[in-house]
file query_32.txt (compact mmCIF, C-alpha atoms)
# COMPACT_ATOMS: atom_id res chain seq x y z
CA MET A 1 115.12 96.54 70.63
CA ASN A 2 116.35 96.76 74.19
CA SER A 3 116.74 93.80 76.52
CA LEU A 4 114.04 94.94 78.92
CA ALA A 5 111.38 95.29 76.26
CA THR A 6 111.99 91.74 75.02
CA THR A 7 110.73 90.41 78.36
CA ALA A 8 107.19 91.58 77.52
CA PRO A 9 104.55 89.06 76.44
CA ALA A 10 104.66 88.27 72.74
CA ALA A 11 101.07 89.49 72.40
CA ARG A 12 98.58 91.32 74.55
CA THR A 13 95.96 88.68 75.20
CA GLY A 14 93.15 88.28 77.68
CA THR A 15 91.62 91.00 79.81
CA PRO A 16 93.51 94.27 80.34
CA LEU A 17 94.50 95.18 83.88
CA VAL A 18 93.31 98.73 83.19
CA GLU A 19 90.96 100.21 80.63
CA MET A 20 90.38 103.97 80.72
CA ARG A 21 87.73 104.84 78.15
CA ASP A 22 86.81 108.35 76.95
CA ILE A 23 88.13 109.99 80.12
CA ALA A 24 87.52 113.73 80.37
CA ILE A 25 88.04 116.32 83.10
CA SER A 26 87.96 120.13 83.11
CA PHE A 27 89.31 122.72 85.52
CA GLY A 28 87.83 126.22 85.35
CA GLY A 29 86.57 125.66 81.84
CA ILE A 30 89.90 124.26 80.59
CA ARG A 31 89.65 120.73 79.21
CA ALA A 32 92.71 119.14 80.89
CA VAL A 33 91.91 115.64 79.60
CA ASP A 34 89.69 115.39 76.53
CA ASN A 35 88.11 111.96 75.83
CA VAL A 36 91.32 109.94 76.25
CA SER A 37 91.41 106.14 76.13
CA VAL A 38 94.39 104.03 77.23
CA ASP A 39 94.86 100.49 78.46
CA LEU A 40 97.44 98.35 80.24
CA TYR A 41 97.99 94.59 80.23
CA PRO A 42 99.67 92.29 82.77
CA GLY A 43 103.46 92.30 82.55
CA GLU A 44 103.51 95.40 80.37
CA VAL A 45 105.03 98.87 80.67
CA VAL A 46 103.16 101.69 78.93
CA GLY A 47 105.00 104.99 78.72
CA LEU A 48 102.89 108.16 78.89
CA LEU A 49 104.61 111.00 77.06
CA GLY A 50 103.88 114.64 76.41
CA HIS A 51 105.01 118.16 77.22
CA ASN A 52 104.15 119.82 80.53
CA GLY A 53 100.42 120.53 80.43
CA ALA A 54 99.73 117.75 77.92
CA GLY A 55 97.39 116.06 80.40
CA LYS A 56 99.32 112.88 81.14
CA SER A 57 99.75 113.55 84.87
CA THR A 58 96.10 114.58 85.22
CA LEU A 59 94.98 111.40 83.44
CA ILE A 60 97.02 109.21 85.71
CA LYS A 61 95.90 111.07 88.84
CA ILE A 62 92.36 110.07 87.93
CA LEU A 63 93.46 106.42 88.00
CA ALA A 64 95.25 107.02 91.31
CA GLY A 65 92.14 108.56 92.87
CA ALA A 66 93.53 112.09 93.27
CA TYR A 67 90.96 113.47 90.79
CA ARG A 68 87.57 112.21 89.70
CA GLN A 69 86.78 112.31 85.99
CA ASP A 70 83.83 114.32 84.68
CA SER A 71 82.99 111.59 82.19
CA GLY A 72 84.30 108.30 80.89
CA GLU A 73 84.74 104.86 82.40
CA ILE A 74 87.51 102.97 84.18
CA ARG A 75 87.58 99.18 84.19
CA ILE A 76 89.99 97.18 86.34
CA GLY A 77 90.39 93.51 85.40
CA GLY A 78 87.36 93.82 83.15
CA GLN A 79 85.09 95.18 85.89
CA LYS A 80 83.79 98.74 86.01
CA ALA A 81 85.53 100.58 88.85
CA GLU A 82 84.54 103.67 90.80
CA ILE A 83 87.69 105.42 92.02
CA ALA A 84 86.69 108.35 94.20
CA ASN A 85 89.87 108.64 96.27
CA PRO A 86 93.32 107.07 96.76
CA ARG A 87 91.89 104.47 99.16
CA ASP A 88 89.66 103.14 96.38
CA ALA A 89 92.70 102.91 94.09
CA LYS A 90 94.77 101.02 96.66
CA ARG A 91 91.90 98.61 97.29
CA LEU A 92 91.90 97.86 93.56
CA GLY A 93 95.63 97.12 93.61
CA ILE A 94 96.75 100.47 92.19
CA GLU A 95 99.81 102.05 93.79
CA THR A 96 101.58 105.26 92.81
CA ILE A 97 105.31 105.89 93.19
CA TYR A 98 105.83 109.62 92.87
CA GLN A 99 109.10 111.24 91.83
CA THR A 100 109.59 112.43 95.43
CA LEU A 101 109.10 108.80 96.62
CA ALA A 102 107.36 110.01 99.84
CA LEU A 103 109.84 108.22 102.08
CA ALA A 104 110.54 109.07 105.73
CA ASP A 105 114.27 109.81 105.61
CA ASN A 106 114.95 109.32 109.31
CA VAL A 107 113.82 105.68 109.56
CA ASP A 108 114.90 102.43 107.93
CA ALA A 109 113.47 100.39 105.05
CA ALA A 110 111.10 98.32 107.20
CA ALA A 111 109.65 101.40 108.91
CA ASN A 112 109.04 102.94 105.49
CA LEU A 113 107.51 99.77 104.10
CA PHE A 114 104.91 99.71 106.88
CA LEU A 115 104.54 103.48 107.32
CA GLY A 116 100.94 104.04 108.43
CA ARG A 117 100.25 100.27 108.31
CA GLU A 118 102.56 99.10 111.10
CA LEU A 119 102.40 95.54 112.46
CA MET A 120 101.76 95.26 116.19
CA THR A 121 102.50 92.55 118.76
CA PRO A 122 99.72 91.14 120.98
CA TRP A 123 101.05 93.52 123.67
CA GLY A 124 100.40 96.62 121.56
CA THR A 125 104.01 97.35 120.68
CA LEU A 126 105.57 97.61 117.23
CA ASP A 127 106.47 94.18 115.86
CA ASP A 128 109.86 95.19 114.49
CA VAL A 129 110.94 91.58 113.95
CA ALA A 130 107.93 90.73 111.75
CA MET A 131 108.22 93.97 109.79
CA GLU A 132 111.93 93.45 109.11
CA ALA A 133 111.32 89.83 108.07
CA ALA A 134 108.61 90.91 105.63
CA THR A 135 110.86 93.66 104.27
CA ARG A 136 113.73 91.21 103.74
CA GLU A 137 111.38 88.84 101.91
CA VAL A 138 110.02 91.41 99.45
CA MET A 139 113.41 93.06 98.92
CA GLY A 140 114.88 89.63 98.25
CA ARG A 141 112.46 89.31 95.33
CA LEU A 142 113.11 92.78 93.96
CA ASN A 143 116.73 93.55 94.76
CA PRO A 144 118.69 90.61 96.23
CA ASN A 145 121.79 92.83 96.59
CA PHE A 146 120.06 95.18 99.03
CA ARG A 147 121.76 94.95 102.43
CA LYS A 148 121.14 98.25 104.24
CA PHE A 149 118.11 97.19 106.25
CA LYS A 150 119.14 98.98 109.46
CA GLU A 151 120.18 102.26 107.88
CA PRO A 152 117.90 105.33 107.66
CA VAL A 153 116.84 105.70 104.05
CA ARG A 154 118.45 109.16 103.84
CA GLY A 155 121.77 107.28 103.56
CA LEU A 156 120.63 105.15 100.61
CA SER A 157 121.40 105.78 96.95
CA GLY A 158 118.66 106.94 94.60
CA GLY A 159 118.29 103.45 93.15
CA GLN A 160 118.08 101.89 96.61
CA ARG A 161 115.43 104.43 97.62
CA GLN A 162 113.42 103.49 94.54
CA SER A 163 113.74 99.84 95.65
CA VAL A 164 112.20 100.68 99.02
CA ALA A 165 109.34 102.66 97.45
CA ILE A 166 108.58 99.86 94.98
CA ALA A 167 108.83 97.20 97.69
CA ARG A 168 106.25 99.09 99.76
CA ALA A 169 103.80 98.99 96.86
CA ILE A 170 104.44 95.34 96.02
CA HIS A 171 104.17 94.11 99.60
CA PHE A 172 100.62 95.43 99.72
CA ASN A 173 99.67 93.45 96.60
CA ALA A 174 99.80 96.11 93.93
CA LYS A 175 98.96 94.78 90.48
CA ILE A 176 99.10 98.16 88.77
CA LEU A 177 101.98 100.59 89.35
CA ILE A 178 102.07 104.23 88.36
CA MET A 179 105.69 105.39 88.24
CA ASP A 180 106.33 109.12 87.94
CA GLU A 181 109.78 109.91 86.47
CA PRO A 182 111.41 106.89 88.19
CA THR A 183 114.92 107.61 86.90
CA ALA A 184 114.92 111.40 87.24
CA ALA A 185 118.18 112.67 88.76
CA LEU A 186 119.69 109.16 88.82
CA GLY A 187 123.09 108.30 87.38
CA PRO A 188 123.61 105.60 84.73
CA GLN A 189 124.27 102.80 87.25
CA GLU A 190 121.21 103.64 89.37
CA THR A 191 119.08 104.04 86.24
CA ALA A 192 120.13 100.53 85.22
CA GLN A 193 119.20 99.28 88.69
CA VAL A 194 115.69 100.73 88.38
CA GLY A 195 115.45 99.12 84.95
CA GLU A 196 116.20 95.74 86.51
CA LEU A 197 113.52 96.37 89.15
CA ILE A 198 110.98 97.11 86.43
CA LYS A 199 112.05 93.97 84.56
CA GLN A 200 111.39 91.93 87.71
CA LEU A 201 107.96 93.53 88.22
CA LYS A 202 107.02 92.71 84.63
CA ALA A 203 108.04 89.09 85.16
CA GLU A 204 105.60 88.95 88.09
CA GLY A 205 102.75 90.12 85.85
CA ILE A 206 102.53 93.64 87.25
CA GLY A 207 101.45 96.35 84.80
CA ILE A 208 103.20 99.72 84.91
CA PHE A 209 102.24 103.16 83.66
CA LEU A 210 105.50 105.07 83.28
CA ILE A 211 105.30 108.86 83.17
CA SER A 212 108.46 110.44 81.82
CA HIS A 213 109.81 113.42 79.92
CA ASP A 214 112.83 111.38 78.82
CA ILE A 215 112.16 109.66 75.52
CA HIS A 216 115.35 107.55 75.83
CA ASP A 217 114.18 106.35 79.24
CA VAL A 218 110.82 105.34 77.80
CA PHE A 219 112.32 103.47 74.86
CA ASP A 220 114.60 101.59 77.27
CA LEU A 221 111.77 100.55 79.59
CA ALA A 222 108.38 100.63 77.85
CA ASP A 223 106.68 98.12 75.58
CA ARG A 224 104.21 100.72 74.29
CA VAL A 225 103.89 104.49 74.32
CA SER A 226 100.82 106.70 74.46
CA VAL A 227 101.39 110.35 73.59
CA MET A 228 99.22 113.24 74.74
CA LYS A 229 99.11 116.85 73.55
CA ASN A 230 96.79 119.63 74.73
CA GLY A 231 94.70 117.17 76.73
CA LYS A 232 94.07 114.84 73.79
CA LEU A 233 95.53 111.47 72.87
CA VAL A 234 97.72 111.81 69.79
CA GLY A 235 98.19 108.06 69.48
CA SER A 236 99.64 104.83 70.83
CA ALA A 237 102.27 102.45 69.48
CA ARG A 238 104.58 99.63 70.40
CA THR A 239 108.09 100.98 70.87
CA SER A 240 109.28 98.38 68.33
CA ASP A 241 107.02 99.91 65.64
CA VAL A 242 108.10 103.55 65.87
CA THR A 243 111.34 105.52 66.05
CA LYS A 244 112.30 108.08 68.65
CA ASP A 245 112.05 110.80 66.00
CA GLU A 246 108.52 109.70 65.15
CA VAL A 247 107.52 109.81 68.81
CA LEU A 248 109.07 113.29 69.09
CA GLY A 249 106.86 114.28 66.15
CA MET A 250 103.86 113.01 68.09
CA ILE A 251 104.87 115.03 71.16
CA ILE A 252 105.77 118.28 69.38
CA LEU A 253 103.52 118.34 66.31
CA GLY A 254 100.72 115.99 67.32
CA LYS A 255 101.47 114.01 64.16
CA CYS A 256 100.75 110.27 64.22
CA PRO A 257 103.22 108.09 62.26
CA PRO A 258 102.21 104.99 60.23
CA GLY A 259 103.31 102.59 62.99
CA ALA A 260 101.00 104.13 65.59
CA THR A 261 97.26 103.93 66.21
CA PRO A 262 95.94 107.50 66.06
CA GLY A 263 93.85 109.03 68.81
CA PRO A 264 91.28 111.81 68.41
CA GLY A 265 94.00 114.41 68.99
CA ALA A 266 96.23 113.32 66.08
CA SER A 267 97.05 115.07 62.86
CA LEU A 268 97.71 112.62 60.04

call {"tool": "encode", "arguments": {"input": "query_32.txt", "output": "structure tokens"}}
result
Amino acid sequence: MNSLATTAPAARTGTPLVEMRDIAISFGGIRAVDNVSVDLYPGEVVGLLGHNGAGKSTLIKILAGAYRQDSGEIRIGGQKAEIANPRDAKRLGIETIYQTLALADNVDAAANLFLGRELMTPWGTLDDVAMEAATREVMGRLNPNFRKFKEPVRGLSGGQRQSVAIARAIHFNAKILIMDEPTAALGPQETAQVGELIKQLKAEGIGIFLISHDIHDVFDLADRVSVMKNGKLVGSARTSDVTKDEVLGMIILGKCPPGATPGPGASL
């Protein structure tokens, strides 16, 4: 068991942060997501795995408000939620950090943190002092070693850029993070840095859906995995209860091992 996973709660108790129940959506007659159910608890990382076209990105875009499901129900903190667009998702404390990070390369960390939500002085000018102070505060929680507050983010390392993107989500009170391939194209040191960021987020009770093609990445970071194939849920399991080979069998063959809870898309 890896050191990050051992920081998870001993048991999933109480109300889930997210419950997606029997979610389905079709495009042009193709069932992209077929009655899939997943959940997420506070302080937990759930890895979503599957080949390209498995449906994992479509499922998570429904939670992020990019798509609206044809059927099924989403509950946030135990309450039924209607998520029609990304604004609804943000209002519910759901933030998405895409692989591209969506950062403005020519400005610094504070400008990125408040991009589109800038603080203004009573005189109608940008309150750079307040924005930098807020950025230093949130970065101090996430990455105390971060020092490049005045530098355009184009000059930052991949791990530092991830820090800025995560800080932007956390500053605006995200409780649920969707992270799309957070360590893609990062070296070992930067990958470890992102792992430490995720560990810190878990300690603060934030729940994370982690989308990744890298099974090693998922086993390093996730407490549970949910595997999709051809739009269906093959099954879900704690990473401590299954092996990487068994999860590969779920991804490739749709076969659910004994340590996993099968979904409707599993072969047993």

call {"tool": "closest_atom_pairs", "arguments": {"input": "query_32.txt", "of": "segment 49-151 of chain A", "to": "segment 225-249 of chain A", "cutoff": "10 Å", "atoms": "all atoms listed in the file", "output": "CSV"}}
result
residue,atom,partner,partner_atom,distance
A:Leu49,CA,A:Val227,CA,4.8
A:Gly50,CA,A:Met228,CA,5.1
A:His51,CA,A:Lys229,CA,7.1
A:Asn52,CA,A:Lys229,CA,9.1
A:Gly53,CA,A:Asn230,CA,6.8
A:Ala54,CA,A:Lys229,CA,4.5
A:Gly55,CA,A:Gly231,CA,4.7
A:Lys56,CA,A:Met228,CA,6.4
A:Thr58,CA,A:Gly231,CA,9.0
A:Leu59,CA,A:Gly231,CA,8.9

call {"tool": "closest_atom_pairs", "arguments": {"input": "query_32.txt", "of": "segment 176-261 of chain A", "to": "segment 70-89 of chain A", "cutoff": "12 Å", "atoms": "only C-alpha atoms", "output": "tab-separated table"}}
result
residue	atom	partner	partner_atom	distance
A:Ile176	CA	A:Ile76	CA	9.5
A:Leu177	CA	A:Ala89	CA	10.7
A:Ile178	CA	A:Ala89	CA	11.1
A:Gly207	CA	A:Gly77	CA	11.4

call {"tool": "closest_residue", "arguments": {"input": "query_32.txt", "among": "A:Met120, A:Ala222, A:Leu115, A:Val38", "to": "Gly263 of chain A", "atoms": "all atoms listed in the file"}}
result
A:Val38

call {"tool": "atom_distance", "arguments": {"input": "query_32.txt", "atom1": "atom CA of Ala109 of chain A", "atom2": "atom CA of Thr191 of chain A"}}
result
20.0 Å

call {"tool": "closest_residue", "arguments": {"input": "query_32.txt", "among": "A:Gly47, A:Gly155, A:Gly205, A:Gly14", "to": "Asp108 of chain A", "atoms": "all atoms listed in the file"}}
result
A:Gly155

call {"tool": "atom_distance", "arguments": {"input": "query_32.txt", "atom1": "atom CA of Gln193 of chain A", "atom2": "atom CA of Ser157 of chain A"}}
result
10.7 Å

call {"tool": "atom_distance", "arguments": {"input": "query_32.txt", "atom1": "atom CA of Arg154 of chain A", "atom2": "atom CA of Ala64 of chain A"}}
result
26.5 Å

call {"tool": "residues_around", "arguments": {"input": "query_32.txt", "residues": "Tyr98 of chain A", "least_positions_apart": "3", "cutoff": "9 Å", "atoms": "only C-alpha atoms", "output": "JSON, numbers by chain"}}
result
{"A": [101, 102, 178, 179, 180, 181, 182]}

call {"tool": "closest_residue", "arguments": {"input": "query_32.txt", "among": "A:Arg147, A:Lys199, A:Arg168, A:Arg91", "to": "Leu221 of chain A", "atoms": "only C-alpha atoms"}}
result
A:Lys199
